[in-house]
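Dropping input-v5.tsv in here (TSV, C-alpha atoms):
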chain	number	residue	atom	x	y	z
A	177	MET	CA	15.04	-4.52	-12.07
A	178	LYS	CA	13.36	-7.78	-11.08
A	179	VAL	CA	9.57	-7.44	-11.12
A	180	PHE	CA	7.46	-9.95	-9.19
A	181	HIS	CA	3.86	-10.41	-10.27
A	182	SER	CA	1.02	-12.89	-10.06
A	183	PRO	CA	-1.49	-13.91	-12.75
A	184	HIS	CA	-4.00	-14.64	-9.99
A	185	HIS	CA	-4.60	-10.99	-9.05
A	186	ALA	CA	-7.61	-10.78	-11.37
A	187	GLY	CA	-9.49	-13.17	-9.08
A	188	HIS	CA	-10.17	-10.16	-6.86
A	189	ARG	CA	-12.60	-8.07	-8.90
A	190	PRO	CA	-15.08	-6.21	-6.68
A	191	ALA	CA	-17.69	-4.74	-8.98
A	192	GLN	CA	-19.01	-2.06	-6.65
A	193	THR	CA	-18.13	0.07	-3.68
A	194	PHE	CA	-19.79	2.77	-1.58
A	195	ARG	CA	-18.92	6.44	-2.10
A	196	HIS	CA	-20.69	9.69	-1.21
A	197	GLY	CA	-23.84	7.81	-0.25
A	198	ARG	CA	-24.07	5.84	-3.48
A	199	ILE	CA	-23.10	2.43	-4.76
A	200	VAL	CA	-20.55	3.10	-7.50
A	201	THR	CA	-18.11	1.17	-9.70
A	202	ASN	CA	-15.01	0.05	-7.84
A	203	ARG	CA	-11.77	1.64	-9.10
A	204	ASP	CA	-9.53	-1.30	-8.18
A	205	LEU	CA	-9.81	-3.05	-11.53
A	206	PRO	CA	-7.56	-5.91	-12.70
A	207	ALA	CA	-6.50	-3.70	-15.61
A	208	ARG	CA	-4.44	-1.66	-13.16
A	209	ALA	CA	-1.91	-4.45	-12.75
A	210	ASP	CA	-2.22	-5.71	-16.33
A	211	ASN	CA	-1.37	-2.28	-17.74
A	212	ILE	CA	1.63	-1.87	-15.43
A	213	LEU	CA	2.94	-5.30	-16.35
A	214	ALA	CA	2.68	-4.56	-20.08
A	215	ALA	CA	4.64	-1.32	-19.68
A	216	LEU	CA	7.36	-2.95	-17.61
A	217	ARG	CA	7.67	-5.68	-20.22
A	218	VAL	CA	8.29	-2.99	-22.85
A	219	ASP	CA	10.94	-1.46	-20.60
A	220	GLY	CA	12.79	-4.76	-20.41
A	221	HIS	CA	12.37	-5.56	-16.73
A	222	ALA	CA	12.76	-9.18	-15.66
A	223	LEU	CA	9.19	-10.38	-15.01
A	224	LEU	CA	9.20	-13.21	-12.48
A	225	ASP	CA	6.89	-15.37	-10.41
A	226	ALA	CA	7.40	-15.51	-6.65
A	227	ALA	CA	8.30	-18.58	-4.65
A	228	PRO	CA	5.77	-19.43	-1.91
A	229	HIS	CA	6.81	-18.17	1.51
A	230	GLY	CA	3.95	-19.50	3.59
A	231	PRO	CA	1.81	-17.71	6.20
A	232	LYS	CA	4.52	-16.67	8.70
A	233	PRO	CA	5.52	-13.34	7.07
A	234	ILE	CA	1.87	-12.28	6.99
A	235	ALA	CA	1.26	-13.46	10.56
A	236	ALA	CA	4.28	-11.41	11.68
A	237	ILE	CA	2.20	-8.27	10.97
A	238	HIS	CA	-1.48	-9.25	11.22
A	239	THR	CA	-3.43	-10.71	14.13
A	240	PRO	CA	-4.75	-14.29	14.07
A	241	GLU	CA	-8.36	-13.09	14.42
A	242	TYR	CA	-8.04	-10.79	11.44
A	243	LEU	CA	-6.44	-13.42	9.24
A	244	ASP	CA	-9.14	-15.92	10.19
A	245	PHE	CA	-11.78	-13.34	9.33
A	246	LEU	CA	-10.30	-12.63	5.90
A	247	GLU	CA	-10.02	-16.31	5.08
A	248	HIS	CA	-13.61	-17.22	6.01
A	249	ALA	CA	-15.58	-13.97	5.70
A	250	TRP	CA	-17.01	-14.49	2.22
A	251	ARG	CA	-18.31	-18.02	2.89
A	252	GLU	CA	-19.90	-16.98	6.18
A	253	TRP	CA	-21.42	-13.85	4.66
A	254	ARG	CA	-23.02	-15.79	1.81
A	255	LYS	CA	-24.93	-17.91	4.33
A	256	ILE	CA	-26.97	-14.83	5.27
A	257	GLU	CA	-30.28	-14.86	3.42
A	258	GLY	CA	-30.39	-11.99	0.93
A	259	ALA	CA	-26.79	-10.96	1.56
A	260	SER	CA	-24.82	-9.00	-1.05
A	261	GLU	CA	-22.44	-10.87	-3.35
A	262	ASP	CA	-19.41	-9.29	-1.65
A	263	VAL	CA	-18.91	-8.65	2.06
A	264	PHE	CA	-19.91	-5.06	2.87
A	265	PRO	CA	-19.69	-3.97	6.53
A	266	TYR	CA	-22.44	-1.67	7.69
A	267	ILE	CA	-22.02	-1.36	11.46
A	268	PHE	CA	-18.74	-0.31	13.07
A	269	PRO	CA	-17.36	-0.26	16.66
A	270	VAL	CA	-17.30	3.53	16.97
A	271	ARG	CA	-16.14	5.36	20.09
A	272	GLY	CA	-17.60	3.81	23.24
A	273	MET	CA	-18.86	0.68	21.43
A	274	ASP	CA	-15.68	-1.35	21.13
A	275	HIS	CA	-15.73	-3.48	24.26
A	276	ALA	CA	-16.35	-6.93	22.77
A	277	TYR	CA	-15.31	-9.12	19.87
A	278	PRO	CA	-18.44	-10.26	17.98
A	279	VAL	CA	-19.22	-13.81	16.87
A	280	SER	CA	-21.52	-12.81	14.00
A	281	ILE	CA	-19.91	-12.26	10.60
A	282	VAL	CA	-21.85	-8.98	10.40
A	283	GLY	CA	-20.17	-7.76	13.57
A	284	ARG	CA	-16.77	-9.14	12.59
A	285	ALA	CA	-16.96	-7.39	9.22
A	286	GLY	CA	-17.46	-4.06	10.96
A	287	TYR	CA	-14.81	-4.83	13.56
A	288	HIS	CA	-12.16	-5.67	10.96
A	289	MET	CA	-12.96	-3.03	8.30
A	290	HIS	CA	-12.55	0.68	8.94
A	291	ASP	CA	-14.61	1.77	5.91
A	292	CYS	CA	-16.87	0.48	3.15
A	293	TRP	CA	-14.17	0.67	0.47
A	294	ALA	CA	-12.82	-2.86	0.70
A	295	PRO	CA	-15.52	-5.35	-0.33
A	296	ILE	CA	-14.48	-8.96	0.12
A	297	GLY	CA	-15.28	-11.38	-2.68
A	298	GLU	CA	-14.97	-15.12	-3.09
A	299	HIS	CA	-11.27	-15.01	-3.99
A	300	THR	CA	-10.17	-11.88	-2.11
A	301	TRP	CA	-8.35	-13.71	0.67
A	302	ALA	CA	-6.35	-15.91	-1.70
A	303	VAL	CA	-5.45	-12.98	-3.93
A	304	ALA	CA	-4.49	-10.72	-1.02
A	305	ALA	CA	-2.25	-13.45	0.40
A	306	ASP	CA	-0.69	-13.91	-3.04
A	307	SER	CA	-0.11	-10.15	-3.27
A	308	ALA	CA	1.61	-10.11	0.11
A	309	ASN	CA	3.77	-13.04	-0.98
A	310	LEU	CA	5.10	-10.91	-3.85
A	311	ALA	CA	6.29	-8.30	-1.34
A	312	VAL	CA	7.96	-11.03	0.72
A	313	GLU	CA	9.71	-12.39	-2.37
A	314	ALA	CA	11.00	-8.93	-3.29
A	315	ALA	CA	12.33	-8.50	0.26
A	316	VAL	CA	13.96	-11.93	0.20
A	317	ARG	CA	15.73	-11.06	-3.05
A	318	VAL	CA	17.00	-7.78	-1.60
A	319	ILE	CA	18.21	-9.59	1.52
A	320	GLY	CA	19.99	-11.95	-0.86
A	321	GLY	CA	21.90	-9.13	-2.52
A	322	GLU	CA	19.65	-7.51	-5.13
A	323	ALA	CA	20.01	-3.73	-5.09
A	324	ALA	CA	16.26	-3.30	-5.62
A	325	ALA	CA	13.16	-5.31	-6.48
A	326	TYR	CA	9.59	-4.34	-7.34
A	327	ALA	CA	6.43	-6.16	-6.21
A	328	LEU	CA	3.40	-5.57	-8.44
A	329	CYS	CA	0.94	-5.98	-5.60
A	330	ARG	CA	-2.80	-5.97	-6.18
A	331	PRO	CA	-4.73	-5.42	-4.00
A	332	SER	CA	-2.74	-2.62	-2.39
A	333	GLY	CA	-1.97	-2.66	1.30
A	334	HIS	CA	-1.05	0.60	3.00
A	335	HIS	CA	-4.51	1.22	4.52
A	336	ALA	CA	-4.44	-2.17	6.29
A	337	PHE	CA	-3.68	-2.17	10.03
A	338	THR	CA	-2.71	-5.21	12.09
A	339	ASP	CA	-6.37	-6.16	12.49
A	340	MET	CA	-8.29	-3.92	10.06
A	341	GLY	CA	-8.60	-3.44	6.34
A	342	GLY	CA	-10.07	-0.62	4.30
A	343	GLY	CA	-9.48	1.57	1.27
A	344	ASN	CA	-9.13	-1.41	-1.10
A	345	CYS	CA	-6.47	-2.89	1.22
A	346	PHE	CA	-6.51	-6.14	3.18
A	347	LEU	CA	-2.93	-7.16	3.98
A	348	ASN	CA	-0.25	-4.51	4.41
A	349	ASN	CA	2.24	-5.59	1.74
A	350	ALA	CA	4.74	-2.82	2.48
A	351	ALA	CA	4.73	-3.48	6.22
A	352	ILE	CA	5.16	-7.20	5.58
A	353	ALA	CA	8.14	-6.43	3.35
A	354	ALA	CA	9.64	-4.11	5.98
A	355	GLU	CA	9.27	-6.77	8.66
A	356	GLN	CA	10.91	-9.30	6.37
A	357	LEU	CA	13.83	-6.93	5.79
A	358	ARG	CA	14.22	-6.63	9.56
A	359	ARG	CA	15.46	-10.22	9.55
A	360	ARG	CA	18.66	-8.89	7.97
A	361	PHE	CA	18.71	-5.12	8.59
A	362	ALA	CA	18.50	-3.49	12.01
A	363	ARG	CA	16.92	-0.22	10.79
A	364	VAL	CA	14.41	-0.09	7.96
A	365	ALA	CA	12.70	3.00	6.51
A	366	LEU	CA	9.28	2.83	4.88
A	367	ILE	CA	8.38	5.81	2.69
A	368	ASP	CA	4.90	6.18	1.21
A	369	VAL	CA	4.36	8.41	-1.84
A	370	ASP	CA	0.72	7.50	-2.49
A	371	VAL	CA	-1.71	10.44	-2.65
A	372	HIS	CA	-3.46	9.01	0.42
A	373	HIS	CA	-1.80	8.75	3.81
A	374	GLY	CA	-0.67	5.22	4.67
A	375	ASN	CA	-2.70	5.11	7.86
A	376	GLY	CA	-2.39	1.34	8.21
A	377	SER	CA	1.39	1.43	7.86
A	378	GLN	CA	1.59	4.26	10.38
A	379	GLY	CA	-0.59	2.32	12.81
A	380	ILE	CA	1.53	-0.80	12.54
A	381	PHE	CA	4.84	0.93	13.29
A	382	TYR	CA	3.65	3.86	15.44
A	383	ARG	CA	5.21	2.52	18.64
A	384	ARG	CA	8.38	1.11	17.10
A	385	ASP	CA	11.83	2.66	16.73
A	386	ASP	CA	13.33	0.08	14.35
A	387	VAL	CA	11.13	1.09	11.39
A	388	LEU	CA	10.90	4.74	10.40
A	389	PHE	CA	7.64	5.62	8.62
A	390	VAL	CA	7.54	8.63	6.28
A	391	SER	CA	4.42	9.57	4.30
A	392	LEU	CA	3.90	12.23	1.61
A	393	HIS	CA	0.21	12.72	0.80
A	394	ARG	CA	-2.65	15.12	0.26
A	395	ASP	CA	-3.52	16.85	3.53
A	396	PRO	CA	-6.13	14.66	5.27
A	397	ILE	CA	-7.86	17.62	6.88
A	398	ASP	CA	-10.29	17.40	3.94
A	399	TYR	CA	-9.25	14.16	2.22
A	400	HIS	CA	-9.15	10.43	2.82
A	401	PRO	CA	-8.31	8.99	5.34
A	402	TYR	CA	-9.30	12.16	7.29
A	403	PHE	CA	-8.42	10.86	10.77
A	404	ALA	CA	-4.70	10.18	10.33
A	405	GLY	CA	-1.75	11.63	8.44
A	406	HIS	CA	-1.46	15.01	10.14
A	407	ALA	CA	1.91	16.61	10.71
A	408	HIS	CA	1.69	16.47	14.50
A	409	GLU	CA	1.52	12.64	14.51
A	410	ARG	CA	5.09	11.70	15.44
A	411	GLY	CA	4.76	8.25	17.01
A	412	GLU	CA	4.23	7.07	20.58
A	413	GLY	CA	6.35	5.44	23.28
A	414	ARG	CA	9.53	4.02	21.79
A	415	GLY	CA	8.24	5.17	18.40
A	416	LEU	CA	8.09	8.86	19.27
A	417	GLY	CA	10.01	10.71	16.57
A	418	PHE	CA	10.04	7.73	14.20
A	419	ASN	CA	6.91	8.80	12.29
A	420	LEU	CA	7.01	11.70	9.83
A	421	ASN	CA	3.95	12.94	7.96
A	422	LEU	CA	4.41	15.50	5.19
A	423	PRO	CA	0.89	16.55	4.15
A	424	LEU	CA	0.55	18.61	0.97
A	425	PRO	CA	-2.22	21.00	-0.06
A	426	LYS	CA	-4.76	20.12	-2.73
A	427	GLY	CA	-3.33	20.38	-6.23
A	428	ALA	CA	0.32	20.50	-5.18
A	429	GLY	CA	2.58	19.57	-8.08
A	430	ASP	CA	6.12	18.43	-8.73
A	431	ILE	CA	7.93	21.30	-7.00
A	432	ALA	CA	6.07	20.96	-3.70
A	433	PHE	CA	6.10	17.16	-3.79
A	434	LEU	CA	9.83	16.94	-4.48
A	435	ALA	CA	10.58	19.48	-1.74
A	436	ALA	CA	8.64	17.33	0.72
A	437	LEU	CA	10.44	14.26	-0.59
A	438	GLU	CA	13.75	15.97	0.11
A	439	ALA	CA	12.69	16.48	3.72
A	440	GLY	CA	11.64	12.84	3.94
A	441	CYS	CA	14.93	11.62	2.52
A	442	ALA	CA	16.84	13.81	4.97
A	443	ARG	CA	14.98	12.14	7.83
A	444	ILE	CA	15.77	8.70	6.40
A	445	GLY	CA	19.43	9.70	6.26
A	446	ALA	CA	19.38	10.91	9.87
A	447	PHE	CA	17.72	7.64	10.89
A	448	GLN	CA	20.67	5.83	9.33
A	449	ALA	CA	18.39	3.36	7.60
A	450	GLU	CA	20.03	0.21	6.32
A	451	ALA	CA	17.22	-0.72	3.91
A	452	LEU	CA	14.20	0.95	2.33
A	453	VAL	CA	10.63	0.03	1.43
A	454	VAL	CA	8.72	2.32	-0.95
A	455	SER	CA	4.93	2.31	-1.00
A	456	LEU	CA	4.75	3.31	-4.67
A	457	GLY	CA	1.30	4.74	-5.13
A	458	VAL	CA	0.95	6.79	-8.31
A	459	ASP	CA	-2.49	8.29	-7.69
A	460	ALA	CA	-0.81	11.64	-7.00
A	461	HIS	CA	-0.62	12.01	-10.81
A	462	GLU	CA	-2.32	15.08	-12.23
A	463	ALA	CA	-4.81	13.00	-14.26
A	464	ASP	CA	-5.75	10.49	-11.55
A	465	PRO	CA	-9.49	10.42	-10.70
A	466	THR	CA	-8.69	10.81	-6.99
A	467	GLU	CA	-8.01	14.51	-7.79
A	468	GLY	CA	-5.63	15.03	-4.89
A	469	LEU	CA	-2.28	16.24	-6.25
A	470	LYS	CA	-0.77	17.12	-9.63
A	471	VAL	CA	2.49	15.20	-9.98
A	472	THR	CA	3.57	14.71	-13.61
A	473	PHE	CA	5.19	11.75	-15.36
A	474	ASP	CA	8.52	13.52	-15.04
A	475	GLY	CA	7.76	14.10	-11.39
A	476	PHE	CA	7.52	10.34	-10.84
A	477	ARG	CA	10.80	9.86	-12.70
A	478	ARG	CA	12.44	12.36	-10.36
A	479	ILE	CA	10.85	10.70	-7.32
A	480	GLY	CA	12.40	7.41	-8.36
A	481	ALA	CA	15.78	9.03	-8.96
A	482	ARG	CA	15.78	10.74	-5.55
A	483	LEU	CA	14.92	7.53	-3.74
A	484	ALA	CA	17.68	5.71	-5.61
A	485	ALA	CA	20.13	8.39	-4.45
A	486	LEU	CA	19.66	7.11	-0.90
A	487	LYS	CA	21.72	4.12	-2.06
A	488	LEU	CA	19.86	1.67	0.11
A	489	PRO	CA	18.73	-1.89	-0.63
A	490	THR	CA	15.17	-1.16	-1.73
A	491	VAL	CA	11.85	-2.96	-2.07
A	492	LEU	CA	9.26	-1.07	-4.11
A	493	VAL	CA	5.65	-2.14	-3.48
A	494	GLN	CA	2.72	-1.10	-5.65
A	495	GLU	CA	-0.06	0.87	-3.97
A	496	GLY	CA	-2.68	3.13	-5.62
A	497	GLY	CA	-3.19	4.63	-9.07
A	498	TYR	CA	-6.58	4.51	-10.79
A	499	ASN	CA	-6.37	6.15	-14.21
A	500	MET	CA	-6.08	3.22	-16.62
A	501	ASP	CA	-4.49	5.47	-19.25
A	502	THR	CA	-1.70	6.81	-17.03
A	503	ILE	CA	-0.95	4.30	-14.26
A	504	ALA	CA	1.46	2.21	-16.32
A	505	ARG	CA	3.55	5.15	-17.48
A	506	CYS	CA	3.66	6.57	-13.94
A	507	VAL	CA	5.06	3.33	-12.53
A	508	ALA	CA	7.42	2.83	-15.47
A	509	SER	CA	8.69	6.39	-15.07
A	510	ALA	CA	9.35	5.91	-11.35
A	511	LEU	CA	11.25	2.66	-11.91
A	512	ALA	CA	13.19	4.16	-14.82
A	513	GLY	CA	14.13	7.14	-12.67
A	514	PHE	CA	15.26	4.78	-9.95
A	515	GLU	CA	17.51	3.01	-12.45
A	516	GLY	CA	18.78	6.22	-14.03
A	517	ARG	CA	17.29	5.80	-17.50
A	518	GLU	CA	14.27	6.76	-19.56
A	519	THR	CA	11.11	4.72	-19.93
A	520	LYS	CA	9.86	3.48	-23.31
A	521	ALA	CA	6.28	3.23	-22.01
A	522	ALA	CA	3.88	5.68	-23.64
Just give me the structure of the file as structure tokens.
Amino acid sequence: MKVFHSPHHAGHRPAQTFRHGRIVTNRDLPARADNILAALRVDGHALLDAAPHGPKPIAAIHTPEYLDFLEHAWREWRKIEGASEDVFPYIFPVRGMDHAYPVSIVGRAGYHMHDCWAPIGEHTWAVAADSANLAVEAAVRVIGGEAAAYALCRPSGHHAFTDMGGGNCFLNNAAIAAEQLRRRFARVALIDVDVHHGNGSQGIFYRRDDVLFVSLHRDPIDYHPYFAGHAHERGEGRGLGFNLNLPLPKGAGDIAFLAALEAGCARIGAFQAEALVVSLGVDAHEADPTEGLKVTFDGFRRIGARLAALKLPTVLVQEGGYNMDTIARCVASALAGFEGRETKAA
């Protein structure tokens, strides 16, 4: 399989984030992508750079105000006397307080970020745009006839809405890939297997009937993102019935996950999708520090194999996974399963 990656991803290296009332070490380390790349090299994948595709594919998903914010936020923030090194929002437009668009970077940070888990550093915008470009390149290759292509995106994207980021996500790489595929395919399915619900992806396509969104994830009744990802969320307007959430209980393993995946694949079949995007988060692994689900290495191999059985032109986009000792093997196992072979990654 062709693997698209960027050496520039390490420019985004937020040192800290906010969790449970404390400033803690950020889990989105450059080693995540480096470890995956090393494993895929061992497995013999074709490791390629992406051609530049410009701003239009990103602007097809995200609003002009949001993109302007991402591009200029860090420089504006650093003009504030005593400001933190990275942009950290601390006031948000909660219910009843969302009637204006602020001029101040402090207000804009809160307006465009739905949590405190996506600090913006000096190079975040450039790296996020580069990450999205990888997803576009993978989609372009699939449109051109490749059976499947994988984009090693970092930062991830599935928590990014049209005008909001959060959860270590800034640009929604998977949604951008799906929109790119729509240039060729009338009906595109986007399936998310990350342990966290893809709330941004759901938000982007919630009123559309040309992109089916399916998400398998830990039940958000007591887990991030809390306010989206519940089974009753089915879409709105033209999109009613084109959104399927399959929440799983804490600690669910391979059997439960694969049963939910079967239901998701059945819905994709009924939708008569012509192409597929996979948000390939691997933080559902049993040893991941997110402690949500207990999928094994073999489980990820079987996930890949089941998705391949859909026999659709497929773009796989990297999302979460935060155990530096397991992330590479999880991804390698999923791609090997998709290709019907075993991984050599240990």
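With distances restricted to all atoms listed in the file, A:Ile237 is the closest residue to Ala336 in chain A from A:Ile267, A:Ile237, A:Leu424, A:Ala302.
Note that CA of Arg208 in chain A and CA of Leu469 in chain A are 19.3 Å apart.
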Leaving out Ser182 in chain A and any residue of its chain fewer than 2 positions from it, which residues lie within 10 Å of it when counting all atoms listed in the file, given as a PyMOL selection string?
chain A and resi 180+184-186+209+223-226+303+306-307+309-310+327-330
Range 452-459 of chain A: axis-aligned bounding box, 3 Å on each side, centre and edge lengths in Å, one decimal, as JSON:
{"center_x": 5.9, "center_y": 4.2, "center_z": -3.0, "size_x": 22.7, "size_y": 14.3, "size_z": 16.6}
Could the residues of range 282-383 of chain A that have an atom at most 10 Å from range 255-264 of chain A be listed as CSV, each with its closest atom pair and the distance in Å to one decimal, counting all atoms listed in the file and ordered by chain and ascending residue number?
residue,atom,partner,partner_atom,distance
A:Val282,CA,A:Phe264,CA,8.7
A:Ala285,CA,A:Phe264,CA,7.4
A:Gly286,CA,A:Phe264,CA,8.5
A:Met289,CA,A:Phe264,CA,9.1
A:Asp291,CA,A:Phe264,CA,9.2
A:Cys292,CA,A:Phe264,CA,6.3
A:Trp293,CA,A:Phe264,CA,8.5
A:Ala294,CA,A:Phe264,CA,7.7
A:Pro295,CA,A:Val263,CA,5.3
A:Ile296,CA,A:Val263,CA,4.8
A:Gly297,CA,A:Asp262,CA,4.7
A:Glu298,CA,A:Asp262,CA,7.5
A:Thr300,CA,A:Asp262,CA,9.6
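Taking CA of Gly516 in chain A and CA of Ala323 in chain A as endpoints, the distance between them is 13.4 Å.
Counting from CA of Ala439 in chain A, the distance to CA of Ala504 in chain A is 27.0 Å.
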Proximity to Asn211 in chain A - best of A:Thr519, A:Thr466, A:Gln378, A:Asn499, only C-alpha atoms:
A:Asn499
Using only C-alpha atoms, the best pick from A:Arg517, A:Val270, A:Ala432, A:Arg360 as closest to Gly220 in chain A would be A:Arg517
